Each structure stands twice: as structure tokens, then as C-alpha cells.
file start-v2.tsv (TSV, C-alpha atoms)
chain	number	residue	atom	x	y	z
S	1	MET	CA	-22.02	20.55	0.12
S	2	LYS	CA	-22.71	19.30	-3.38
S	3	PRO	CA	-20.88	16.16	-4.54
S	4	THR	CA	-19.01	16.44	-7.83
S	5	PHE	CA	-17.53	13.81	-10.13
S	6	GLN	CA	-15.69	13.24	-13.38
S	7	LEU	CA	-15.58	9.77	-14.93
S	8	ALA	CA	-13.46	8.79	-17.92
S	9	LEU	CA	-13.81	5.26	-19.32
S	10	GLY	CA	-12.23	4.92	-22.73
S	11	LEU	CA	-14.00	7.52	-24.89
S	12	LEU	CA	-16.88	7.98	-22.42
S	13	ARG	CA	-16.82	11.20	-20.38
S	14	SER	CA	-19.40	11.77	-17.65
S	15	THR	CA	-19.54	14.58	-15.07
S	16	ASP	CA	-21.95	15.91	-12.47
S	17	THR	CA	-22.85	18.73	-14.89
S	18	ALA	CA	-23.14	16.42	-17.92
S	19	PRO	CA	-23.93	12.92	-16.56
S	20	VAL	CA	-23.55	10.96	-19.80
S	21	GLY	CA	-24.69	7.37	-19.34
S	22	GLY	CA	-26.57	8.17	-16.14
S	23	PRO	CA	-24.05	6.95	-13.54
S	24	THR	CA	-25.89	5.85	-10.39
S	25	ALA	CA	-23.09	4.60	-8.12
S	26	VAL	CA	-19.31	4.64	-7.84
S	27	THR	CA	-17.33	2.64	-5.27
S	28	VAL	CA	-13.53	2.73	-5.03
S	29	ASP	CA	-11.67	0.26	-2.78
S	30	ARG	CA	-7.94	0.63	-2.13
S	31	ALA	CA	-5.66	-0.85	0.54
S	32	ILE	CA	-1.93	-1.01	1.19
S	33	ASP	CA	-2.15	-4.72	2.06
S	34	VAL	CA	-4.21	-5.63	-1.03
S	35	PRO	CA	-2.19	-5.31	-4.25
S	36	LEU	CA	-5.03	-4.48	-6.65
S	37	ASP	CA	-7.18	-1.35	-6.36
S	38	VAL	CA	-10.72	-1.78	-7.71
S	39	ALA	CA	-13.55	0.53	-8.73
S	40	HIS	CA	-17.18	-0.45	-9.35
S	41	ILE	CA	-19.17	1.93	-11.55
S	42	ARG	CA	-22.87	1.52	-12.36
S	43	PHE	CA	-24.66	3.27	-15.21
S	44	GLY	CA	-28.43	3.50	-15.58
S	45	THR	CA	-28.15	2.91	-19.33
S	46	ARG	CA	-26.49	0.37	-21.63
S	47	GLN	CA	-22.91	1.31	-22.53
S	48	ASP	CA	-20.51	-0.22	-25.04
S	49	LEU	CA	-17.20	-0.24	-23.15
S	50	ALA	CA	-14.08	-2.19	-24.06
S	51	VAL	CA	-12.17	-4.37	-21.61
S	52	GLY	CA	-8.73	-2.83	-21.15
S	53	ALA	CA	-9.91	0.75	-21.73
S	54	THR	CA	-8.33	3.34	-19.44
S	55	VAL	CA	-10.36	4.47	-16.42
S	56	SER	CA	-10.04	7.63	-14.35
S	57	VAL	CA	-12.32	8.46	-11.41
S	58	ARG	CA	-12.35	11.93	-9.87
S	59	LEU	CA	-14.62	12.81	-6.94
S	60	GLY	CA	-15.25	15.95	-4.93
S	61	LEU	CA	-17.44	17.44	-2.22
S	62	GLY	CA	-18.25	21.12	-2.51
S	63	ALA	CA	-15.18	21.62	-4.72
S	64	ALA	CA	-13.65	20.56	-8.01
S	65	PRO	CA	-13.17	16.77	-8.10
S	66	SER	CA	-9.77	15.16	-7.42
S	67	ASP	CA	-8.20	11.90	-8.57
S	68	VAL	CA	-9.25	8.90	-6.47
S	69	PHE	CA	-8.61	6.02	-8.90
S	70	THR	CA	-6.58	5.25	-12.02
S	71	GLY	CA	-6.73	1.94	-13.87
S	72	THR	CA	-8.32	-0.03	-16.69
S	73	VAL	CA	-11.64	-1.79	-17.38
S	74	GLY	CA	-11.45	-5.38	-16.15
S	75	GLU	CA	-15.05	-6.51	-16.67
S	76	VAL	CA	-18.26	-5.14	-18.18
S	77	ARG	CA	-21.73	-6.50	-17.32
S	78	THR	CA	-24.71	-5.28	-19.33
S	79	THR	CA	-28.43	-5.89	-18.83
S	80	LEU	CA	-31.42	-4.64	-20.79
S	81	THR	CA	-31.39	-1.40	-18.82
S	82	ALA	CA	-28.00	-0.88	-17.16
S	83	THR	CA	-24.24	-1.44	-17.24
S	84	SER	CA	-21.85	-2.34	-14.42
S	85	VAL	CA	-18.10	-1.88	-14.80
S	86	LEU	CA	-15.32	-3.39	-12.70
S	87	ALA	CA	-12.09	-1.44	-13.11
S	88	VAL	CA	-8.72	-2.64	-11.78
S	89	GLY	CA	-5.77	-0.54	-10.68
S	90	ALA	CA	-2.44	0.08	-12.38
S	91	MET	CA	-0.68	-2.55	-10.23
S	92	ARG	CA	-2.21	-5.23	-12.45
S	93	THR	CA	0.68	-4.92	-14.91
S	94	LEU	CA	3.19	-5.74	-12.16
S	95	LEU	CA	1.02	-8.68	-11.05
S	96	ASP	CA	1.12	-9.97	-14.64
S	97	LEU	CA	4.86	-9.37	-15.14
S	98	ARG	CA	7.03	-12.50	-15.27
S	99	VAL	CA	10.67	-11.99	-16.18
S	100	ALA	CA	14.07	-13.40	-15.30
S	101	ALA	CA	16.78	-11.00	-14.16
S	102	ALA	CA	19.87	-10.99	-11.95
S	103	TYR	CA	21.16	-8.04	-9.94
S	104	SER	CA	24.45	-7.35	-8.16
S	105	ASP	CA	25.20	-4.64	-5.60
S	106	VAL	CA	21.87	-2.83	-6.02
S	107	THR	CA	19.37	-1.26	-3.66
S	108	ILE	CA	15.80	-2.48	-3.28
S	109	GLY	CA	14.71	0.80	-4.86
S	110	THR	CA	16.79	0.10	-7.98
S	111	ILE	CA	15.20	-3.34	-8.35
S	112	THR	CA	11.75	-1.80	-7.86
S	113	ARG	CA	12.32	0.87	-10.52
S	114	ASP	CA	13.60	-1.71	-13.00
S	115	LEU	CA	10.66	-4.08	-12.59
S	116	ALA	CA	8.21	-1.16	-12.66
S	117	SER	CA	9.75	-0.02	-15.95
S	118	ARG	CA	9.42	-3.51	-17.41
S	119	ALA	CA	5.75	-3.54	-16.34
S	120	GLY	CA	5.08	-0.09	-17.80
S	121	LEU	CA	4.34	1.40	-14.37
S	122	VAL	CA	5.10	5.01	-13.49
S	123	VAL	CA	7.31	5.22	-10.41
S	124	GLY	CA	6.27	7.53	-7.58
S	125	ASP	CA	7.88	7.75	-4.14
S	126	VAL	CA	10.32	4.82	-4.01
S	127	HIS	CA	12.65	4.36	-1.03
S	128	ASP	CA	16.06	2.92	-1.92
S	129	GLY	CA	16.47	0.75	1.16
S	130	PRO	CA	19.57	-1.34	1.87
S	131	MET	CA	22.13	-2.54	-0.66
S	132	LEU	CA	21.80	-6.19	-1.68
S	133	PRO	CA	24.97	-8.03	-2.80
S	134	ARG	CA	22.92	-10.42	-4.97
S	135	PHE	CA	19.28	-10.74	-6.00
S	136	ALA	CA	17.46	-12.64	-8.75
S	137	VAL	CA	13.92	-12.75	-10.07
S	138	ASP	CA	12.45	-15.65	-12.05
S	139	VAL	CA	9.42	-16.35	-14.21
S	140	PHE	CA	7.85	-18.66	-11.64
S	141	ARG	CA	6.59	-15.70	-9.61
S	142	SER	CA	5.23	-12.33	-10.69
S	143	GLY	CA	7.20	-9.12	-10.42
S	144	HIS	CA	4.82	-8.06	-7.67
S	145	GLU	CA	5.50	-11.21	-5.64
S	146	HIS	CA	9.25	-10.62	-5.78
S	147	LEU	CA	8.90	-6.98	-4.69
S	148	ARG	CA	6.32	-7.80	-2.03
S	149	ASP	CA	8.70	-10.33	-0.48
S	150	LEU	CA	11.43	-7.69	-0.36
S	151	ALA	CA	9.02	-5.16	1.15
S	152	ASP	CA	7.82	-7.59	3.82
S	153	SER	CA	11.40	-8.55	4.68
S	154	PHE	CA	12.68	-5.01	5.13
S	155	GLY	CA	9.66	-3.30	6.72
S	156	LEU	CA	8.40	-1.51	3.60
S	157	ASP	CA	4.93	-0.89	2.16
S	158	LEU	CA	4.41	-1.57	-1.56
S	159	TYR	CA	1.32	-0.10	-3.23
S	160	ALA	CA	0.05	2.25	-5.95
S	161	ASP	CA	-1.07	5.80	-5.18
S	162	ARG	CA	-4.31	7.31	-6.48
S	163	GLN	CA	-2.61	8.34	-9.74
S	164	GLY	CA	-1.49	4.74	-10.29
S	165	HIS	CA	2.17	5.45	-9.47
S	166	LEU	CA	4.20	2.76	-7.69
S	167	VAL	CA	5.13	3.59	-4.09
S	168	LEU	CA	7.66	1.87	-1.81
S	169	ARG	CA	7.90	3.43	1.66
S	170	PRO	CA	9.03	2.36	5.12
S	171	VAL	CA	6.27	1.28	7.48
S	172	PRO	CA	5.80	4.21	9.93
S	173	GLY	CA	7.59	3.72	13.21
S	174	GLY	CA	10.68	2.20	11.64
S	175	THR	CA	14.17	2.63	12.98
S	176	PRO	CA	16.09	5.78	12.01
S	177	GLY	CA	18.29	3.85	9.60
S	178	LEU	CA	15.33	3.01	7.38
S	179	THR	CA	13.28	6.20	7.67
S	180	SER	CA	15.77	9.06	7.87
S	181	ALA	CA	16.31	9.20	4.12
S	182	LEU	CA	12.62	9.90	3.58
S	183	GLY	CA	11.91	12.32	6.39
S	184	ALA	CA	8.79	12.45	8.52
S	185	THR	CA	6.38	13.55	5.82
S	186	SER	CA	7.31	10.88	3.28
S	187	ALA	CA	7.18	8.18	5.93
S	188	GLY	CA	3.54	8.99	6.61
S	189	LEU	CA	4.02	11.09	9.74
S	190	ALA	CA	2.27	14.21	8.47
S	191	GLY	CA	-0.89	14.52	6.45
S	192	PRO	CA	-4.17	16.27	5.63
S	193	GLY	CA	-6.56	17.91	8.09
S	194	PRO	CA	-8.16	15.85	10.88
S	195	ALA	CA	-11.53	14.12	11.05
S	196	ARG	CA	-13.38	15.76	13.95
S	197	TYR	CA	-16.10	14.24	16.08
S	198	GLY	CA	-19.24	16.36	15.89
S	199	ALA	CA	-18.22	17.83	12.54
S	200	ASP	CA	-16.90	15.07	10.26
S	201	VAL	CA	-17.20	11.63	11.88
S	202	ILE	CA	-20.34	9.77	10.80
S	203	ALA	CA	-19.38	6.37	12.26
S	204	ALA	CA	-16.35	4.86	13.99
S	205	GLU	CA	-15.16	1.43	15.02
S	206	GLY	CA	-11.93	0.29	16.67
S	207	ALA	CA	-10.16	-3.04	17.10
S	208	ARG	CA	-7.15	-4.11	19.15
S	209	ARG	CA	-5.40	-7.45	18.94
S	210	ALA	CA	-2.04	-8.93	19.77
S	211	ALA	CA	0.62	-8.57	17.11
S	212	THR	CA	1.23	-11.70	15.04
S	213	PHE	CA	4.49	-12.19	16.95
S	214	ASP	CA	6.57	-10.04	19.27
S	215	ALA	CA	10.11	-11.25	18.59
S	216	VAL	CA	12.08	-12.31	15.51
S	217	THR	CA	15.24	-14.31	14.97
S	218	VAL	CA	16.73	-14.19	11.48
S	219	GLY	CA	19.43	-16.52	10.19
S	220	GLY	CA	21.17	-16.24	6.84
S	221	GLN	CA	23.12	-18.83	4.87
S	222	SER	CA	26.34	-17.03	3.99
S	223	PRO	CA	29.54	-16.09	5.84
S	224	ALA	CA	29.80	-12.89	3.82
S	225	SER	CA	30.14	-10.73	6.93
S	226	THR	CA	33.53	-12.27	7.64
S	227	ARG	CA	34.73	-12.50	4.04
S	228	GLY	CA	33.08	-9.52	2.37
S	229	ASN	CA	29.97	-9.06	0.24
S	230	THR	CA	31.68	-10.46	-2.85
S	231	ALA	CA	32.48	-13.82	-1.23
S	232	ALA	CA	31.46	-16.69	-3.50
S	233	SER	CA	30.89	-19.07	-0.58
S	234	TRP	CA	27.30	-19.69	0.41
S	235	LEU	CA	26.71	-22.04	3.35
S	236	THR	CA	28.22	-21.67	6.80
S	237	THR	CA	28.29	-23.81	9.92
S	238	ASP	CA	28.54	-20.73	12.16
S	239	GLU	CA	24.96	-19.57	12.69
S	240	GLN	CA	26.09	-16.45	14.57
S	241	VAL	CA	27.75	-14.95	11.48
S	242	THR	CA	24.46	-13.77	9.97
S	243	ARG	CA	22.06	-14.09	12.90
S	244	ALA	CA	20.05	-11.15	14.21
S	245	ASP	CA	17.28	-10.70	16.78
S	246	ALA	CA	14.61	-8.04	17.22
S	247	GLY	CA	11.90	-7.53	19.81
S	248	SER	CA	11.26	-9.42	23.02
S	249	GLY	CA	8.56	-11.78	24.20
S	250	ASP	CA	7.46	-15.40	24.18
S	251	ARG	CA	5.91	-15.44	20.69
S	252	ARG	CA	9.10	-15.61	18.65
S	253	VAL	CA	9.27	-16.46	14.96
S	254	VAL	CA	12.45	-17.87	13.42
S	255	VAL	CA	13.14	-16.91	9.80
S	256	VAL	CA	15.72	-18.42	7.46
S	257	ALA	CA	16.50	-15.58	5.04
S	258	PRO	CA	18.89	-16.24	2.15
S	259	LEU	CA	18.94	-12.46	1.62
S	260	ALA	CA	20.71	-12.07	4.97
S	261	ARG	CA	24.20	-12.39	3.52
S	262	THR	CA	25.63	-9.91	6.01
S	263	LYS	CA	25.04	-9.23	9.68
S	264	ASP	CA	23.60	-5.80	8.82
S	265	LEU	CA	21.10	-7.27	6.36
S	266	ALA	CA	20.03	-9.88	8.91
S	267	ASN	CA	19.42	-7.09	11.41
S	268	ASP	CA	17.40	-5.06	8.85
S	269	ILE	CA	15.26	-8.10	8.05
S	270	ALA	CA	14.60	-8.88	11.72
S	271	GLN	CA	13.47	-5.31	12.37
S	272	GLY	CA	11.42	-5.18	9.16
S	273	ARG	CA	9.57	-8.41	9.92
S	274	LEU	CA	8.77	-7.20	13.42
S	275	ARG	CA	7.35	-3.87	12.18
S	276	HIS	CA	5.07	-5.66	9.73
S	277	ALA	CA	3.84	-7.97	12.51
S	278	GLY	CA	2.54	-5.02	14.52
S	279	ARG	CA	1.04	-2.88	11.77
S	280	SER	CA	-2.51	-4.23	12.28
S	281	ALA	CA	-2.48	-4.65	16.06
S	282	HIS	CA	-4.53	-1.46	16.53
S	283	LEU	CA	-6.97	-0.35	13.84
S	284	VAL	CA	-9.58	2.41	13.72
S	285	GLU	CA	-12.21	2.67	10.99
S	286	VAL	CA	-14.10	5.93	10.50
S	287	THR	CA	-16.70	7.05	7.99
S	288	VAL	CA	-16.62	10.73	7.05
S	289	PRO	CA	-18.08	12.98	4.35
S	290	GLY	CA	-16.15	12.45	1.12
S	291	ARG	CA	-12.38	12.98	1.46
S	292	PRO	CA	-10.85	12.70	-2.03
S	293	ASP	CA	-7.73	14.48	-0.73
S	294	LEU	CA	-6.70	11.45	1.33
S	295	ASP	CA	-4.42	8.78	-0.09
S	296	LEU	CA	-2.95	5.55	1.18
S	297	GLY	CA	0.02	6.20	3.43
S	298	ASP	CA	-1.26	9.59	4.63
S	299	THR	CA	-1.57	10.24	8.34
S	300	LEU	CA	-5.05	11.14	9.62
S	301	ALA	CA	-5.96	12.36	13.10
S	302	VAL	CA	-9.42	11.45	14.42
S	303	THR	CA	-9.99	14.05	17.12
S	304	GLY	CA	-12.53	15.11	19.75
S	305	MET	CA	-13.91	11.60	20.25
S	306	PRO	CA	-15.83	10.77	23.46
S	307	GLU	CA	-14.03	8.93	26.25
S	308	ASN	CA	-13.20	5.30	25.34
S	309	ALA	CA	-14.45	5.80	21.77
S	310	PRO	CA	-12.12	4.77	18.92
S	311	GLY	CA	-9.88	7.56	17.66
S	312	GLY	CA	-6.32	8.76	17.56
S	313	THR	CA	-3.74	9.38	14.86
S	314	GLY	CA	-2.55	6.79	12.38
S	315	GLN	CA	-1.55	5.90	8.86
S	316	VAL	CA	-4.31	5.40	6.28
S	317	ARG	CA	-3.96	1.74	5.32
S	318	ALA	CA	-7.27	1.29	3.48
S	319	LEU	CA	-10.06	3.47	2.14
S	320	ARG	CA	-13.41	3.15	0.42
S	321	HIS	CA	-15.02	6.02	-1.49
S	322	GLN	CA	-18.76	5.60	-2.08
S	323	PHE	CA	-20.71	7.93	-4.35
S	324	THR	CA	-24.42	7.31	-4.92
S	325	ALA	CA	-27.32	9.36	-6.18
S	326	ASP	CA	-29.33	8.94	-2.97
S	327	ARG	CA	-26.60	9.01	-0.26
S	328	GLY	CA	-24.05	11.37	-1.74
S	329	PHE	CA	-20.30	10.99	-1.25
S	330	THR	CA	-18.73	9.34	1.82
S	331	THR	CA	-15.30	7.90	2.60
S	332	ARG	CA	-14.57	5.03	4.98
S	333	LEU	CA	-10.98	4.95	6.24
S	334	ARG	CA	-8.95	2.34	8.10
S	335	ILE	CA	-6.06	3.85	10.02
S	336	ALA	CA	-3.30	2.28	12.09
S	337	PRO	CA	-1.01	4.14	14.48
S	338	PRO	CA	2.73	3.84	13.81
S	339	THR	CA	4.30	0.78	15.37
S	340	PRO	CA	6.75	1.49	18.19
S	341	GLU	CA	10.38	1.87	17.26
S	342	VAL	CA	11.93	-1.57	17.00
S	343	ARG	CA	14.86	-2.36	19.27
S	344	PRO	CA	17.19	-5.30	18.62
call {"tool": "encode", "arguments": {"input": "start-v2.tsv", "output": "C-alpha cells"}}
result
Amino acid sequence: MKPTFQLALGLLRSTDTAPVGGPTAVTVDRAIDVPLDVAHIRFGTRQDLAVGATVSVRLGLGAAPSDVFTGTVGEVRTTLTATSVLAVGAMRTLLDLRVAAAYSDVTIGTITRDLASRAGLVVGDVHDGPMLPRFAVDVFRSGHEHLRDLADSFGLDLYADRQGHLVLRPVPGGTPGLTSALGATSAGLAGPGPARYGADVIAAEGARRAATFDAVTVGGQSPASTRGNTAASWLTTDEQVTRADAGSGDRRVVVVAPLARTKDLANDIAQGRLRHAGRSAHLVEVTVPGRPDLDLGDTLAVTGMPENAPGGTGQVRALRHQFTADRGFTTRLRIAPPTPEVRP
């Protein structure tokens, strides 16, 4: 199958049928756990490209190309004979955002949409999550840091999709209370066609390791559960008021979470922290012929593998598209199976 491409960098347009600039290699790296998507593009000629210019990369294999990256030019390197471009993803604006704001009785999704709007980001699939009685952001940390802390606390993934839209979704395998509003497809439990051994899989590698921890204890700092969410009091001497536990085992982490102003929020945080701890315990990496249809958060099945070879079904947590003149178009994917349902 013939690889196809469409590159747009500022005013430059280059395609497989009209390869303006002589592009020789394109590499796109994206990962849920890394906030900034990047693309490296090499041209066999000198090009005058402006830092900050918009970048769109579309790749295909035997079909019309599809979006695989959206961002802006971050760096341009030029020699006597060639040009290399480093493009950065849309999340950069949220990483640069520093504002002060206070929120009352809002969901995590509402906070996410507000900060995305301030950063000029388009919002994609954003899960509302639990209601927070109080929350504040400050200029000492970026908008992304504030949202990432919320996501890590409540078992959510924060990333940008291939169109550069902000996504906030529950980590697959979450409890019904966090995932039911999205449904199975949105939570990453259904996805594109499988990668089949003997037909698609070029290389595969698997890794298993113990989860970072297997039990969580969360303690808050407010007696709001006994006095209501609007209670002005803050500290309490009764640690049981906003304490919650999740998981079981000897490797227990204890978290003091000011966000846990109710018993329910403490329970949500305990479960969320535990889900994040197990998301990288089992990973499978496969290289396949170019798959521009796959995005972060999709579920991919690696099927037909020999006995004891890495395979299975899991969420796409990282991907690398590589397009070169001599090797064609390949995609390397890192998938992780859903973590087991968390029990208190």
C-alpha cells in the first residue's frame, strides 16, 4: 500500500503528489502521560518557516491521509542543504497559562472548560466528574498543572486528541460512579480494528511490573461531611470524618488531600489514586503498518499472537508515527489493559 501525506506549516503545503520542500521524514510522538505532543519534520531543502506558525500533519496508508498531529512550530533548524522543524502540540497554551481564579460548587469538567477557554484551547470530550465545594487556581502553577493534579486525584486522563482538542476522561477500569456517565465507548472500551499477528504486527514487546502501590488511605482537612458542603470550618480533630481507603495490600500510600472536604470526595480520590497507580503495571508495545486512524485513549486488540508472546487488549496510552522515504509509514503503539475495578 502506498503511503500518503499532507503537511501544512504556515503557508507551506506539501503532499505526496506535490512534495514541496522535499520532505524526507516525519515523526509524531504523542502520549497520555506526557503533556506535550511533538512532531519532527525534515525537509531536503532550505525553508523559511516562522516560529509559532500553525502545523497540521496528515498521514495515510493506501488511502486518503488523516489527521495525526495539530500544533505550532516550536523550533526551526536550517543548514546549507536542509531544514528540520520541531512542532509542539496544542496543549502548550495550557502549559503557558497562569491565572488566578476561584470556583464554588463546580464540577471538574466546568473548571477544565474554563481554563481551556482562557488558554484558547478547543474542548473535546470532557468528563464532568464530581462536584467540588471549593477550588482555586493561582499564578504560581500553570493551568495544566492544576488540571493534571485534579485528573491524578480523581482517576482521570488529561490530554489532547489528534485534532488538538482537550480531553478529560476516566482511566479505563474505573468504578461505575465515575464511568457510567461516559459509557463504554467514551471510556476507551471500544475502538478501531485489531492488530493481527501474521498480518499487521511487525514487532512486539511486553512488560509487567508491580503497581506503584496497591492500597490508598486518603485524609481530608474539613468536617464538611457532618456540617454540609458550605461549612466555613476547615480543620478537624476527627480524622474519620473525611477518611477513605481503597485497595488492599502491604504497599499502602497515605495522602493528605485538602480537596477531600466530604467523605464522598475522599472516597473518589482514594479510588482515583489507586487506578492511576496500576495503569502502567502491564504494557504492550507493538509496531504495525501505519495506523493514522488510532488516537490516544482508543482500545486496540493485538490478536493471534503465539503462546507467551505479548498481546491482548488495552488502551492506547502512547503512539509514534514514523514516515520516511526509505521505510514508508509505520506506527508504534503502547497499550495498557484496563485496571481492575477498584473496591474500597
call {"tool": "closest_residue", "arguments": {"input": "start-v2.tsv", "among": "S:Ala266, S:Ala257, S:Leu147, S:Leu294", "to": "Asp67 in chain S", "atoms": "all atoms listed in the file"}}
result
S:Leu294
call {"tool": "atom_distance", "arguments": {"input": "start-v2.tsv", "atom1": "CA of Ala50 in chain S", "atom2": "CA of Val73 in chain S"}}
result
7.1 Å
call {"tool": "closest_atom_pairs", "arguments": {"input": "start-v2.tsv", "of": "range 56-122 of chain S", "to": "range 151-159 of chain S", "cutoff": "12 Å", "atoms": "only C-alpha atoms", "output": "CSV"}}
result
residue,atom,partner,partner_atom,distance
S:Gly89,CA,S:Tyr159,CA,10.3
S:Ala90,CA,S:Tyr159,CA,9.9
S:Met91,CA,S:Tyr159,CA,7.7
S:Arg92,CA,S:Tyr159,CA,11.1
S:Leu94,CA,S:Tyr159,CA,10.7
S:Leu95,CA,S:Tyr159,CA,11.6
S:Thr107,CA,S:Phe154,CA,11.7
S:Ile108,CA,S:Ala151,CA,8.5
S:Gly109,CA,S:Ala151,CA,10.2
S:Ile111,CA,S:Ala151,CA,11.5
S:Thr112,CA,S:Leu158,CA,9.7
S:Ala116,CA,S:Tyr159,CA,11.7
S:Leu121,CA,S:Tyr159,CA,11.6
call {"tool": "atom_distance", "arguments": {"input": "start-v2.tsv", "atom1": "CA of Arg162 in chain S", "atom2": "CA of Pro3 in chain S"}}
result
18.9 Å
call {"tool": "closest_residue", "arguments": {"input": "start-v2.tsv", "among": "S:Leu9, S:Ala136, S:Leu115, S:Val123", "to": "Asp161 in chain S", "atoms": "all atoms listed in the file"}}
result
S:Val123
call {"tool": "atom_distance", "arguments": {"input": "start-v2.tsv", "atom1": "CA of Val256 in chain S", "atom2": "CA of Ala210 in chain S"}}
result
23.6 Å
call {"tool": "closest_residue", "arguments": {"input": "start-v2.tsv", "among": "S:Pro130, S:Gly249, S:Pro306, S:Gly272", "to": "Asp149 in chain S", "atoms": "only C-alpha atoms"}}
result
S:Gly272
call {"tool": "residues_around", "arguments": {"input": "start-v2.tsv", "residues": "range 325-330 of chain S", "least_positions_apart": "2", "cutoff": "9 Å", "atoms": "all atoms listed in the file", "output": "list of chain:residue names"}}
result
S:Lys2, S:Pro3, S:Thr4, S:Pro23, S:Thr24, S:Ala25, S:Leu59, S:Gly60, S:Leu61, S:Thr287, S:Val288, S:Pro289, S:Gly290, S:Arg291, S:Arg320, S:His321, S:Gln322, S:Phe323, S:Arg332
call {"tool": "closest_residue", "arguments": {"input": "start-v2.tsv", "among": "S:Val286, S:Val218, S:Ala160, S:Leu319", "to": "Val302 in chain S", "atoms": "all atoms listed in the file"}}
result
S:Val286
call {"tool": "closest_residue", "arguments": {"input": "start-v2.tsv", "among": "S:Thr212, S:Ser104, S:Ser14, S:Thr78", "to": "Ala277 in chain S", "atoms": "all atoms listed in the file"}}
result
S:Thr212
call {"tool": "residues_near_point", "arguments": {"input": "start-v2.tsv", "point": "(-8.5, -6.0, -1.1)", "cutoff": "12 Å", "atoms": "all atoms listed in the file", "output": "PyMOL selection string"}}
result
chain S and resi 28-39+88-89+159+317-320
